[in-house]
>>> print(open('input-v7.pdb').read())   # PDB, C-alpha atoms and all ligand atoms
ATOM      1  CA  MET F 100       8.589-131.859  41.000
ATOM      2  CA  ARG F 101       5.592-131.975  38.634
ATOM      3  CA  VAL F 102       6.333-130.647  35.135
ATOM      4  CA  VAL F 103       4.103-129.920  32.135
ATOM      5  CA  VAL F 104       5.882-129.309  28.828
ATOM      6  CA  LEU F 105       3.925-127.819  25.905
ATOM      7  CA  THR F 106       5.558-128.325  22.532
ATOM      8  CA  GLY F 107       4.853-126.767  19.145
ATOM      9  CA  ALA F 108       6.194-127.017  15.618
ATOM     10  CA  GLY F 109       9.502-125.451  16.663
ATOM     11  CA  ILE F 110      10.604-128.624  18.484
ATOM     12  CA  SER F 111      10.305-130.588  15.233
ATOM     13  CA  ALA F 112      11.827-127.894  12.990
ATOM     14  CA  GLU F 113      15.390-129.246  13.276
ATOM     15  CA  SER F 114      14.072-132.679  12.363
ATOM     16  CA  GLY F 115      13.036-131.230   9.030
ATOM     17  CA  VAL F 116       9.302-130.863   9.739
ATOM     18  CA  PRO F 117       8.182-127.451   8.401
ATOM     19  CA  THR F 118       6.650-125.089  10.956
ATOM     20  CA  PHE F 119       3.452-123.196  10.271
ATOM     21  CA  ARG F 120       4.465-119.592  10.509
ATOM     22  CA  ASP F 121       8.165-119.450   9.740
ATOM     23  CA  ALA F 122       9.321-118.280   6.306
ATOM     24  CA  ASP F 123       8.987-121.688   4.661
ATOM     25  CA  GLY F 124       6.005-122.600   6.799
ATOM     26  CA  LEU F 125       3.336-125.100   5.958
ATOM     27  CA  TRP F 126       0.654-122.529   5.565
ATOM     28  CA  GLU F 127       2.436-120.974   2.598
ATOM     29  CA  GLY F 128       0.592-121.890  -0.509
ATOM     30  CA  HIS F 129      -2.332-122.933   1.614
ATOM     31  CA  ARG F 130      -4.850-120.604   3.296
ATOM     32  CA  VAL F 131      -5.640-121.827   6.798
ATOM     33  CA  GLU F 132      -9.321-121.671   5.967
ATOM     34  CA  ASP F 133      -8.791-124.045   3.026
ATOM     35  CA  VAL F 134      -6.876-126.824   4.746
ATOM     36  CA  ALA F 135      -7.356-126.540   8.534
ATOM     37  CA  THR F 136     -11.066-125.934   9.043
ATOM     38  CA  PRO F 137     -14.079-128.283   8.837
ATOM     39  CA  GLU F 138     -15.606-125.898   6.302
ATOM     40  CA  GLY F 139     -12.508-126.168   4.105
ATOM     41  CA  PHE F 140     -12.711-129.958   4.296
ATOM     42  CA  ASP F 141     -16.408-129.997   3.379
ATOM     43  CA  LEU F 142     -15.703-127.673   0.445
ATOM     44  CA  LYS F 143     -12.643-129.450  -0.986
ATOM     45  CA  PRO F 144     -11.983-132.760   0.797
ATOM     46  CA  SER F 145      -9.499-133.822  -1.902
ATOM     47  CA  LEU F 146      -7.307-130.731  -1.275
ATOM     48  CA  VAL F 147      -7.316-131.333   2.471
ATOM     49  CA  HIS F 148      -6.636-135.056   2.083
ATOM     50  CA  ALA F 149      -3.707-134.255  -0.237
ATOM     51  CA  PHE F 150      -2.330-131.748   2.345
ATOM     52  CA  TYR F 151      -2.431-134.269   5.192
ATOM     53  CA  ASP F 152      -1.522-137.333   3.107
ATOM     54  CA  ALA F 153       1.685-135.509   2.063
ATOM     55  CA  ARG F 154       2.521-134.650   5.703
ATOM     56  CA  ARG F 155       1.791-138.225   6.833
ATOM     57  CA  ALA F 156       4.044-139.636   4.097
ATOM     58  CA  ALA F 157       6.803-137.141   4.994
ATOM     59  CA  LEU F 158       7.045-138.611   8.498
ATOM     60  CA  ALA F 159       9.086-141.441   6.964
ATOM     61  CA  ASP F 160      11.801-138.912   6.042
ATOM     62  CA  VAL F 161      12.304-137.309   9.453
ATOM     63  CA  GLU F 162      13.834-138.382  12.759
ATOM     64  CA  PRO F 163      13.551-137.101  16.332
ATOM     65  CA  ASN F 164      16.194-134.536  17.282
ATOM     66  CA  PRO F 165      18.069-134.021  20.603
ATOM     67  CA  ALA F 166      15.184-131.942  21.953
ATOM     68  CA  HIS F 167      12.747-134.866  21.620
ATOM     69  CA  ASP F 168      15.368-137.217  23.055
ATOM     70  CA  ALA F 169      15.941-134.948  26.064
ATOM     71  CA  LEU F 170      12.241-134.952  26.948
ATOM     72  CA  ALA F 171      12.191-138.752  26.725
ATOM     73  CA  ARG F 172      15.201-138.806  29.054
ATOM     74  CA  LEU F 173      13.409-136.459  31.455
ATOM     75  CA  GLU F 174      10.450-138.849  31.526
ATOM     76  CA  GLU F 175      12.779-141.672  32.585
ATOM     77  CA  THR F 176      13.564-139.634  35.699
ATOM     78  CA  LEU F 177      10.210-137.949  36.418
ATOM     79  CA  GLY F 178       7.859-140.698  35.227
ATOM     80  CA  ASP F 179       4.219-139.729  35.895
ATOM     81  CA  ASP F 180       5.360-136.337  37.212
ATOM     82  CA  LEU F 181       6.050-135.267  33.603
ATOM     83  CA  LEU F 182       3.364-134.675  31.010
ATOM     84  CA  VAL F 183       4.184-133.607  27.457
ATOM     85  CA  VAL F 184       1.280-131.808  25.794
ATOM     86  CA  THR F 185       2.017-131.351  22.118
ATOM     87  CA  GLN F 186       0.280-129.246  19.489
ATOM     88  CA  ASN F 187       2.188-131.260  16.894
ATOM     89  CA  ILE F 188       0.578-134.041  14.911
ATOM     90  CA  ASP F 189       3.873-135.797  14.103
ATOM     91  CA  ASP F 190       5.071-138.866  16.048
ATOM     92  CA  LEU F 191       8.565-137.668  16.894
ATOM     93  CA  HIS F 192       7.995-137.551  20.666
ATOM     94  CA  GLU F 193       6.895-141.184  20.618
ATOM     95  CA  ARG F 194       9.747-142.224  18.346
ATOM     96  CA  SER F 195      12.264-140.718  20.770
ATOM     97  CA  GLY F 196      10.762-142.814  23.604
ATOM     98  CA  SER F 197       8.318-140.457  25.313
ATOM     99  CA  GLN F 198       5.282-142.400  26.524
ATOM    100  CA  ARG F 199       3.212-139.756  28.321
ATOM    101  CA  VAL F 200       2.325-137.543  25.355
ATOM    102  CA  LEU F 201      -1.033-135.802  24.792
ATOM    103  CA  HIS F 202      -1.685-134.782  21.173
ATOM    104  CA  MET F 203      -4.187-132.019  21.852
ATOM    105  CA  HIS F 204      -4.531-131.287  18.120
ATOM    106  CA  GLY F 205      -4.664-134.912  17.010
ATOM    107  CA  GLU F 206      -2.209-137.044  15.058
ATOM    108  CA  LEU F 207      -1.259-137.671  11.442
ATOM    109  CA  LEU F 208      -1.007-141.407  12.171
ATOM    110  CA  SER F 209      -4.680-141.636  13.124
ATOM    111  CA  ALA F 210      -7.932-141.462  11.132
ATOM    112  CA  LEU F 211     -11.287-140.275  12.463
ATOM    113  CA  CYS F 212     -14.548-141.715  11.122
ATOM    114  CA  ARG F 213     -17.217-139.099  10.426
ATOM    115  CA  GLY F 214     -19.806-141.869  10.722
ATOM    116  CA  CYS F 215     -19.079-143.657  14.003
ATOM    117  CA  ARG F 216     -16.524-141.100  15.390
ATOM    118  CA  SER F 217     -14.054-143.902  16.090
ATOM    119  CA  ARG F 218     -10.303-143.154  15.831
ATOM    120  CA  SER F 219      -8.091-145.729  14.115
ATOM    121  CA  PRO F 220      -4.285-145.939  13.764
ATOM    122  CA  TRP F 221      -3.549-144.978  10.141
ATOM    123  CA  THR F 222      -0.428-144.823   7.971
ATOM    124  CA  ASP F 223      -1.876-144.855   4.424
ATOM    125  CA  PRO F 224      -3.365-142.074   2.323
ATOM    126  CA  LEU F 225      -6.993-141.133   3.006
ATOM    127  CA  ALA F 226      -7.557-139.523  -0.396
ATOM    128  CA  ASP F 227      -8.699-142.822  -1.897
ATOM    129  CA  LEU F 228     -11.544-142.898   0.639
ATOM    130  CA  PRO F 229     -10.860-146.223   2.412
ATOM    131  CA  PRO F 230     -13.649-147.691   4.593
ATOM    132  CA  CYS F 231     -13.682-147.136   8.364
ATOM    133  CA  PRO F 232     -12.192-150.259  10.048
ATOM    134  CA  ARG F 233     -14.962-150.059  12.672
ATOM    135  CA  CYS F 234     -18.205-149.266  10.813
ATOM    136  CA  GLY F 235     -17.260-149.669   7.151
ATOM    137  CA  VAL F 236     -18.455-146.268   5.857
ATOM    138  CA  THR F 237     -16.086-144.402   3.538
ATOM    139  CA  GLU F 238     -16.088-141.253   5.639
ATOM    140  CA  LEU F 239     -12.618-141.200   7.184
ATOM    141  CA  ARG F 240     -10.983-137.792   7.755
ATOM    142  CA  PRO F 241      -7.603-136.791   9.177
ATOM    143  CA  ASP F 242      -7.723-137.154  12.969
ATOM    144  CA  VAL F 243      -6.531-133.596  13.551
ATOM    145  CA  VAL F 244      -8.243-130.736  15.394
ATOM    146  CA  TRP F 245      -9.032-127.935  12.955
ATOM    147  CA  PHE F 246      -9.798-124.315  13.778
ATOM    148  CA  GLY F 247     -13.198-124.093  15.419
ATOM    149  CA  GLU F 248     -12.969-127.685  16.719
ATOM    150  CA  ILE F 249     -12.457-128.681  20.341
ATOM    151  CA  PRO F 250      -8.937-129.887  21.191
ATOM    152  CA  TYR F 251      -8.535-133.345  22.699
ATOM    153  CA  GLU F 252      -8.022-134.055  26.446
ATOM    154  CA  MET F 253      -8.666-130.511  27.668
ATOM    155  CA  ASP F 254      -9.854-131.704  31.112
ATOM    156  CA  ARG F 255      -6.712-133.772  31.595
ATOM    157  CA  ILE F 256      -4.525-130.882  30.448
ATOM    158  CA  TYR F 257      -6.085-128.347  32.794
ATOM    159  CA  ALA F 258      -5.868-130.826  35.692
ATOM    160  CA  ALA F 259      -2.133-131.197  34.984
ATOM    161  CA  LEU F 260      -1.672-127.420  34.753
ATOM    162  CA  GLU F 261      -3.411-127.032  38.117
ATOM    163  CA  ARG F 262      -1.028-129.497  39.816
ATOM    164  CA  CYS F 263       2.265-128.674  38.125
ATOM    165  CA  ASP F 264       5.198-126.870  39.753
ATOM    166  CA  LEU F 265       6.821-125.952  36.430
ATOM    167  CA  PHE F 266       5.340-125.209  32.994
ATOM    168  CA  VAL F 267       7.738-125.177  30.062
ATOM    169  CA  SER F 268       6.799-124.099  26.523
ATOM    170  CA  VAL F 269       9.059-125.294  23.698
ATOM    171  CA  GLY F 270       8.951-124.128  20.071
ATOM    172  CA  THR F 271       5.571-122.484  19.768
ATOM    173  CA  SER F 272       4.547-119.055  18.535
ATOM    174  CA  GLY F 273       1.809-118.701  21.138
ATOM    175  CA  ALA F 274      -0.586-117.790  18.334
ATOM    176  CA  VAL F 275      -3.314-120.385  18.809
ATOM    177  CA  TYR F 276      -5.677-120.895  21.723
ATOM    178  CA  PRO F 277      -6.368-122.583  24.063
ATOM    179  CA  ALA F 278      -2.697-123.777  24.001
ATOM    180  CA  ALA F 279      -1.418-120.185  24.063
ATOM    181  CA  GLY F 280      -3.299-119.617  27.329
ATOM    182  CA  PHE F 281      -1.784-122.568  29.220
ATOM    183  CA  VAL F 282       1.072-120.444  30.591
ATOM    184  CA  GLN F 283      -1.389-118.099  32.286
ATOM    185  CA  ALA F 284      -3.401-121.019  33.685
ATOM    186  CA  ALA F 285      -0.261-122.650  35.101
ATOM    187  CA  ALA F 286       0.960-119.358  36.576
ATOM    188  CA  SER F 287      -2.447-118.707  38.159
ATOM    189  CA  TYR F 288      -2.057-122.008  40.021
ATOM    190  CA  GLY F 289       1.399-120.971  41.253
ATOM    191  CA  ALA F 290       3.648-122.778  38.771
ATOM    192  CA  ARG F 291       6.920-121.300  37.578
ATOM    193  CA  THR F 292       6.950-120.771  33.803
ATOM    194  CA  LEU F 293       9.809-121.077  31.304
ATOM    195  CA  GLU F 294       9.818-120.530  27.528
ATOM    196  CA  LEU F 295      12.417-122.192  25.307
ATOM    197  CA  ASN F 296      12.031-120.801  21.805
ATOM    198  CA  LEU F 297      14.150-119.759  18.825
ATOM    199  CA  LEU F 298      12.712-116.254  18.920
ATOM    200  CA  PRO F 299      10.456-114.299  21.287
ATOM    201  CA  SER F 300       6.879-115.561  20.876
ATOM    202  CA  GLU F 301       3.584-113.686  21.159
ATOM    203  CA  GLY F 302       3.396-114.826  24.768
ATOM    204  CA  SER F 303       7.011-114.345  25.906
ATOM    205  CA  HIS F 304       6.027-111.571  28.294
ATOM    206  CA  LEU F 305       3.799-114.024  30.164
ATOM    207  CA  PHE F 306       6.697-116.273  31.247
ATOM    208  CA  ASP F 307       8.885-115.943  34.359
ATOM    209  CA  GLU F 308      11.878-116.744  32.154
ATOM    210  CA  THR F 309      12.458-117.024  28.397
ATOM    211  CA  ARG F 310      15.546-118.480  26.724
ATOM    212  CA  HIS F 311      16.135-118.016  22.995
ATOM    213  CA  GLY F 312      17.915-120.485  20.744
ATOM    214  CA  PRO F 313      17.380-123.776  18.878
ATOM    215  CA  ALA F 314      15.412-126.423  20.788
ATOM    216  CA  SER F 315      18.061-129.044  20.048
ATOM    217  CA  ARG F 316      20.455-127.018  22.236
ATOM    218  CA  LEU F 317      18.124-125.409  24.810
ATOM    219  CA  VAL F 318      16.056-128.472  25.754
ATOM    220  CA  PRO F 319      18.960-130.873  26.464
ATOM    221  CA  ALA F 320      20.719-128.127  28.481
ATOM    222  CA  TRP F 321      17.561-127.507  30.521
ATOM    223  CA  VAL F 322      16.995-131.243  31.129
ATOM    224  CA  ASP F 323      20.642-131.796  32.099
ATOM    225  CA  ALA F 324      20.422-128.969  34.640
ATOM    226  CA  LEU F 325      17.146-130.339  36.007
ATOM    227  CA  VAL F 326      18.127-133.993  36.361
ATOM    228  CA  GLY F 327      21.890-133.559  36.629
TER     229      GLY F 327
HETATM  230  C1  LIG W 401     -10.930-123.919  20.083
HETATM  231  C2  LIG W 401      -3.666-129.036  13.863
HETATM  232  C3  LIG W 401     -12.834-123.903  21.531
HETATM  233  C4  LIG W 401      -3.817-129.162  12.402
HETATM  234  C5  LIG W 401      -3.797-126.694  14.565
HETATM  235  C6  LIG W 401      -9.807-115.033  18.422
HETATM  236  C7  LIG W 401      -9.018-114.875  19.545
HETATM  237  C8  LIG W 401      -8.550-115.979  20.249
HETATM  238  C9  LIG W 401      -8.866-117.274  19.815
HETATM  239  C10 LIG W 401      -9.634-117.424  18.695
HETATM  240  C11 LIG W 401     -10.113-116.310  17.995
HETATM  241  N1  LIG W 401     -10.832-116.777  16.958
HETATM  242  C12 LIG W 401     -10.841-118.133  16.982
HETATM  243  C13 LIG W 401     -10.125-118.547  18.040
HETATM  244  C14 LIG W 401      -9.861-119.936  18.459
HETATM  245  C15 LIG W 401      -8.806-120.558  17.570
HETATM  246  C16 LIG W 401      -7.531-119.725  17.542
HETATM  247  O1  LIG W 401      -6.761-119.734  18.490
HETATM  248  N2  LIG W 401      -7.314-118.994  16.434
HETATM  249  C17 LIG W 401      -6.122-118.180  16.318
HETATM  250  C18 LIG W 401      -5.660-118.166  14.869
HETATM  251  C19 LIG W 401      -6.428-116.784  16.832
HETATM  252  N3  LIG W 401      -8.521-121.846  18.154
HETATM  253  C20 LIG W 401      -9.268-122.916  17.830
HETATM  254  O2  LIG W 401     -10.133-122.911  16.997
HETATM  255  C21 LIG W 401      -8.996-124.154  18.652
HETATM  256  N4  LIG W 401     -10.243-124.650  19.188
HETATM  257  O3  LIG W 401     -10.619-122.812  20.451
HETATM  258  O4  LIG W 401     -12.083-124.580  20.512
HETATM  259  C22 LIG W 401     -12.450-124.461  22.835
HETATM  260  C23 LIG W 401     -11.413-123.865  23.582
HETATM  261  C24 LIG W 401     -11.071-124.399  24.808
HETATM  262  C25 LIG W 401     -11.729-125.514  25.297
HETATM  263  C26 LIG W 401     -12.737-126.097  24.535
HETATM  264  C27 LIG W 401     -13.097-125.578  23.304
HETATM  265  C28 LIG W 401      -8.391-125.259  17.815
HETATM  266  C29 LIG W 401      -7.098-124.786  17.206
HETATM  267  C30 LIG W 401      -6.359-125.978  16.594
HETATM  268  C31 LIG W 401      -5.958-125.697  15.161
HETATM  269  N5  LIG W 401      -5.107-126.782  14.684
HETATM  270  N6  LIG W 401      -3.046-127.752  14.195
HETATM  271  C32 LIG W 401      -2.475-129.245  11.700
HETATM  272  O5  LIG W 401      -1.438-129.417  12.357
HETATM  273  O6  LIG W 401      -2.519-129.130  10.471
HETATM  274  S1  LIG W 401      -3.043-125.242  14.908
HETATM  275  C33 LIG W 401      -1.355-125.259  14.615
HETATM  276  O7  LIG W 401      -0.848-123.928  14.737
HETATM  277  C34 LIG W 401      -0.531-125.998  15.665
HETATM  278  O8  LIG W 401      -1.165-127.160  16.090
HETATM  279  C35 LIG W 401      -0.333-125.021  16.780
HETATM  280  O9  LIG W 401      -1.377-125.132  17.731
HETATM  281  C36 LIG W 401      -0.540-123.702  16.109
HETATM  282  C37 LIG W 401       0.657-122.819  16.293
HETATM  283  O10 LIG W 401       1.713-123.433  15.657
HETATM  284  P1  LIG W 401       3.118-123.596  16.421
HETATM  285  O11 LIG W 401       3.207-125.005  16.841
HETATM  286  O12 LIG W 401       3.304-122.557  17.476
HETATM  287  O13 LIG W 401       4.070-123.327  15.214
HETATM  288  P2  LIG W 401       4.409-121.909  14.563
HETATM  289  O14 LIG W 401       4.960-122.159  13.203
HETATM  290  O15 LIG W 401       3.253-120.974  14.723
HETATM  291  O16 LIG W 401       5.572-121.379  15.490
HETATM  292  C38 LIG W 401       6.780-122.109  15.539
HETATM  293  C39 LIG W 401       7.566-121.518  16.686
HETATM  294  O17 LIG W 401       8.751-122.292  16.851
HETATM  295  C40 LIG W 401       7.991-120.089  16.428
HETATM  296  O18 LIG W 401       7.811-119.335  17.616
HETATM  297  C41 LIG W 401       9.484-120.209  16.088
HETATM  298  O19 LIG W 401      10.230-119.090  16.554
HETATM  299  C42 LIG W 401       9.861-121.438  16.880
HETATM  300  N7  LIG W 401      10.971-122.200  16.295
HETATM  301  C43 LIG W 401      11.244-122.396  14.973
HETATM  302  N8  LIG W 401      12.359-123.167  14.867
HETATM  303  C44 LIG W 401      12.753-123.467  16.138
HETATM  304  C45 LIG W 401      11.882-122.863  17.042
HETATM  305  N9  LIG W 401      12.015-122.968  18.378
HETATM  306  C46 LIG W 401      13.052-123.690  18.840
HETATM  307  N10 LIG W 401      13.943-124.310  18.031
HETATM  308  C47 LIG W 401      13.826-124.214  16.679
HETATM  309  N11 LIG W 401      14.724-124.824  15.890
END
>>> encode(input="input-v7.pdb", output="structure tokens")
Amino acid sequence: MRVVVLTGAGISAESGVPTFRDADGLWEGHRVEDVATPEGFDLKPSLVHAFYDARRAALADVEPNPAHDALARLEETLGDDLLVVTQNIDDLHERSGSQRVLHMHGELLSALCRGCRSRSPWTDPLADLPPCPRCGVTELRPDVVWFGEIPYEMDRIYAALERCDLFVSVGTSGAVYPAAGFVQAAASYGARTLELNLLPSEGSHLFDETRHGPASRLVPAWVDALVG
């Protein structure tokens, strides 16, 4: 069985990573336009660097939760027949052992050079304008996909959606495209669709089945039933 799992901020919520749109979400105190658009970065790069430097530093204080661990366990059984596509820019999937993870919106632990467009593993702050390891210019930005920018690996994602038998969405509000449209793409190719989310999302009606509850309970239960 070929499975594609799309994850959003909700899978990391119980690890202590704030979500975007819940009450204490990340966007509070920050307008999306100010911190998650190229225009916002051009206008106030120091504000945007501070926003992402704080989130990168906070990764040291969080750990994967049973939902991440369950997906890593599922990969041990399904191997290349499982693809995790995450909207998250944290590294919790990798830290729980998942190896086939696509960060369609980029990663906190990576820096993108505005000069040579190279991507480099990064753990330090970017606010002090360090030089690009590849070309040397001091034009590094967070390697995240902002609104109006093209997500990474779209061809690979759509190819996986076309081939999969089951599409599962975990912990996302279904508010942002193209990720929010993946369920319809998968269904159009004949896949069954399942949503595992704390609350009904904007796209719940698009799924064959939706289950509501915390990811740390729903995802292990779903994986146990799938792999026995
Ligand atoms: C693009 C990275 C073209 C940065 C992010 C008008 C109509 C339709 C679309 C558009 C439009 N105008 C503009 C657009 C396009 C736009 C868009 O969709 N805008 C929205 C606002 C309408 N999209 C773009 O610009 C994208 N690019 O379209 O390019 C293109 C398209 C296709 C092919 C080629 C080119 C780029 C968007 C990327 C933006 N970057 N993040 C960063 O992280 O700082 S977005 C960010 O918010 C996330 O990455 C994620 O994608 C998105 C939604 O967040 P969620 O992960 O869902 O989190 P949220 O807080 O919203 O929800 C949490 C959920 O978890 C909730 O449902 C909650 O109930 C649940 N939950 C909470 N706790 C738990 C839980 N579930 C389980 N257990 C728990 N414990």
>>> closest_residue(input="input-v7.pdb", among="F:Val161, F:Cys212, F:Val244, F:Ala258", to="Pro232 (chain F)", atoms="all atoms listed in the file")
F:Cys212
>>> resolve_selection(input="input-v7.pdb", expression="the PyMOL selection byres (((chain F and resi 198-204) around 10) and not hetatm)", output="ChimeraX atom specification")
/F:104-106,171,174-175,178-190,192-197,205-207,242-246,248-253,255-256,277-278
>>> closest_residue(input="input-v7.pdb", among="F:Thr292, F:Ser217, F:Ser114, F:Ser300", to="ligand LIG 401 (chain W)", atoms="all atoms listed in the file")
F:Ser300
>>> residues_near_point(input="input-v7.pdb", point="(-0.5, -138.9, 7.2)", cutoff="8 Å", atoms="all atoms listed in the file", output="PDB file with C-alpha atoms, in the frame of the given file")
ATOM      1  CA  TYR F 151      -2.431-134.269   5.192  1.00  0.00           C
ATOM      2  CA  ASP F 152      -1.522-137.333   3.107  1.00  0.00           C
ATOM      3  CA  ALA F 153       1.685-135.509   2.063  1.00  0.00           C
ATOM      4  CA  ARG F 154       2.521-134.650   5.703  1.00  0.00           C
ATOM      5  CA  ARG F 155       1.791-138.225   6.833  1.00  0.00           C
ATOM      6  CA  ALA F 156       4.044-139.636   4.097  1.00  0.00           C
ATOM      7  CA  ALA F 157       6.803-137.141   4.994  1.00  0.00           C
ATOM      8  CA  LEU F 158       7.045-138.611   8.498  1.00  0.00           C
ATOM      9  CA  LEU F 207      -1.259-137.671  11.442  1.00  0.00           C
ATOM     10  CA  LEU F 208      -1.007-141.407  12.171  1.00  0.00           C
ATOM     11  CA  SER F 209      -4.680-141.636  13.124  1.00  0.00           C
ATOM     12  CA  TRP F 221      -3.549-144.978  10.141  1.00  0.00           C
ATOM     13  CA  THR F 222      -0.428-144.823   7.971  1.00  0.00           C
ATOM     14  CA  ASP F 223      -1.876-144.855   4.424  1.00  0.00           C
ATOM     15  CA  PRO F 224      -3.365-142.074   2.323  1.00  0.00           C
ATOM     16  CA  PRO F 241      -7.603-136.791   9.177  1.00  0.00           C
TER      17      PRO F 241
END
>>> resolve_selection(input="input-v7.pdb", expression="the PyMOL selection byres (((chain F and resi 315) around 9) and not hetatm)", output="list of chain:residue names")
F:Ile110, F:Glu113, F:Asn164, F:Pro165, F:Ala166, F:His167, F:Ala169, F:Gly312, F:Pro313, F:Ala314, F:Arg316, F:Leu317, F:Val318, F:Pro319, F:Ala320
>>> write_last_selection(input="input-v7.pdb", atoms="C-alpha atoms", output="short mmCIF file (atom, residue, chain, number, x, y, z; two decimals), keeping the file's coordinate frame")
data_model
loop_
_atom_site.label_atom_id
_atom_site.label_comp_id
_atom_site.auth_asym_id
_atom_site.auth_seq_id
_atom_site.Cartn_x
_atom_site.Cartn_y
_atom_site.Cartn_z
CA ILE F 110 10.60 -128.62 18.48
CA GLU F 113 15.39 -129.25 13.28
CA ASN F 164 16.19 -134.54 17.28
CA PRO F 165 18.07 -134.02 20.60
CA ALA F 166 15.18 -131.94 21.95
CA HIS F 167 12.75 -134.87 21.62
CA ALA F 169 15.94 -134.95 26.06
CA GLY F 312 17.92 -120.48 20.74
CA PRO F 313 17.38 -123.78 18.88
CA ALA F 314 15.41 -126.42 20.79
CA ARG F 316 20.45 -127.02 22.24
CA LEU F 317 18.12 -125.41 24.81
CA VAL F 318 16.06 -128.47 25.75
CA PRO F 319 18.96 -130.87 26.46
CA ALA F 320 20.72 -128.13 28.48
#
>>> closest_residue(input="input-v7.pdb", among="F:Leu298, F:Val102, F:Val326, F:Ala285", to="ligand LIG 401 (chain W)", atoms="all atoms listed in the file")
F:Leu298
>>> closest_residue(input="input-v7.pdb", among="F:Leu191, F:Val282, F:Ala274, F:Val116", to="ligand LIG 401 (chain W)", atoms="all atoms listed in the file")
F:Ala274
>>> atom_distance(input="input-v7.pdb", atom1="atom N5 of ligand LIG 401 (chain W)", atom2="CA of Leu177 (chain F)")
28.8 Å
>>> decode(input="input-v7.pdb", residues="region 239-244 of chain F", atoms="all heavy atoms", output="compact mmCIF listing (two decimals), in the first residue's frame")
# COMPACT_ATOMS: atom_id res chain seq x y z
N LEU F 239 22.36 35.85 3.23
CA LEU F 239 21.61 34.65 3.61
C LEU F 239 20.23 35.03 4.17
O LEU F 239 20.11 36.02 4.89
CB LEU F 239 22.39 33.85 4.66
CG LEU F 239 23.68 33.18 4.19
CD1 LEU F 239 24.37 32.49 5.37
CD2 LEU F 239 23.41 32.19 3.07
N ARG F 240 19.22 34.24 3.82
CA ARG F 240 17.87 34.42 4.37
C ARG F 240 17.39 33.09 4.90
O ARG F 240 17.95 32.04 4.55
CB ARG F 240 16.90 34.95 3.32
CG ARG F 240 16.80 34.08 2.06
CD ARG F 240 15.58 34.37 1.23
NE ARG F 240 14.43 33.56 1.70
CZ ARG F 240 13.27 33.49 1.05
NH1 ARG F 240 13.07 34.20 -0.05
NH2 ARG F 240 12.29 32.73 1.50
N PRO F 241 16.32 33.10 5.72
CA PRO F 241 15.79 31.81 6.18
C PRO F 241 15.37 30.98 4.96
O PRO F 241 14.82 31.52 3.99
CB PRO F 241 14.57 32.21 7.02
CG PRO F 241 14.84 33.62 7.44
CD PRO F 241 15.59 34.25 6.28
N ASP F 242 15.66 29.69 4.99
CA ASP F 242 15.30 28.83 3.85
C ASP F 242 13.88 28.31 4.07
O ASP F 242 13.65 27.10 4.23
CB ASP F 242 16.29 27.66 3.75
CG ASP F 242 16.04 26.83 2.50
OD1 ASP F 242 15.27 27.27 1.61
OD2 ASP F 242 16.60 25.72 2.41
N VAL F 243 12.94 29.25 4.10
CA VAL F 243 11.52 28.88 4.24
C VAL F 243 10.75 29.48 3.08
O VAL F 243 11.18 30.47 2.48
CB VAL F 243 10.92 29.38 5.58
CG1 VAL F 243 11.61 28.76 6.76
CG2 VAL F 243 10.96 30.89 5.66
N VAL F 244 9.65 28.85 2.71
CA VAL F 244 8.82 29.32 1.60
C VAL F 244 7.79 30.29 2.16
O VAL F 244 6.92 29.89 2.95
CB VAL F 244 8.13 28.14 0.90
CG1 VAL F 244 7.22 28.62 -0.22
CG2 VAL F 244 9.17 27.17 0.36
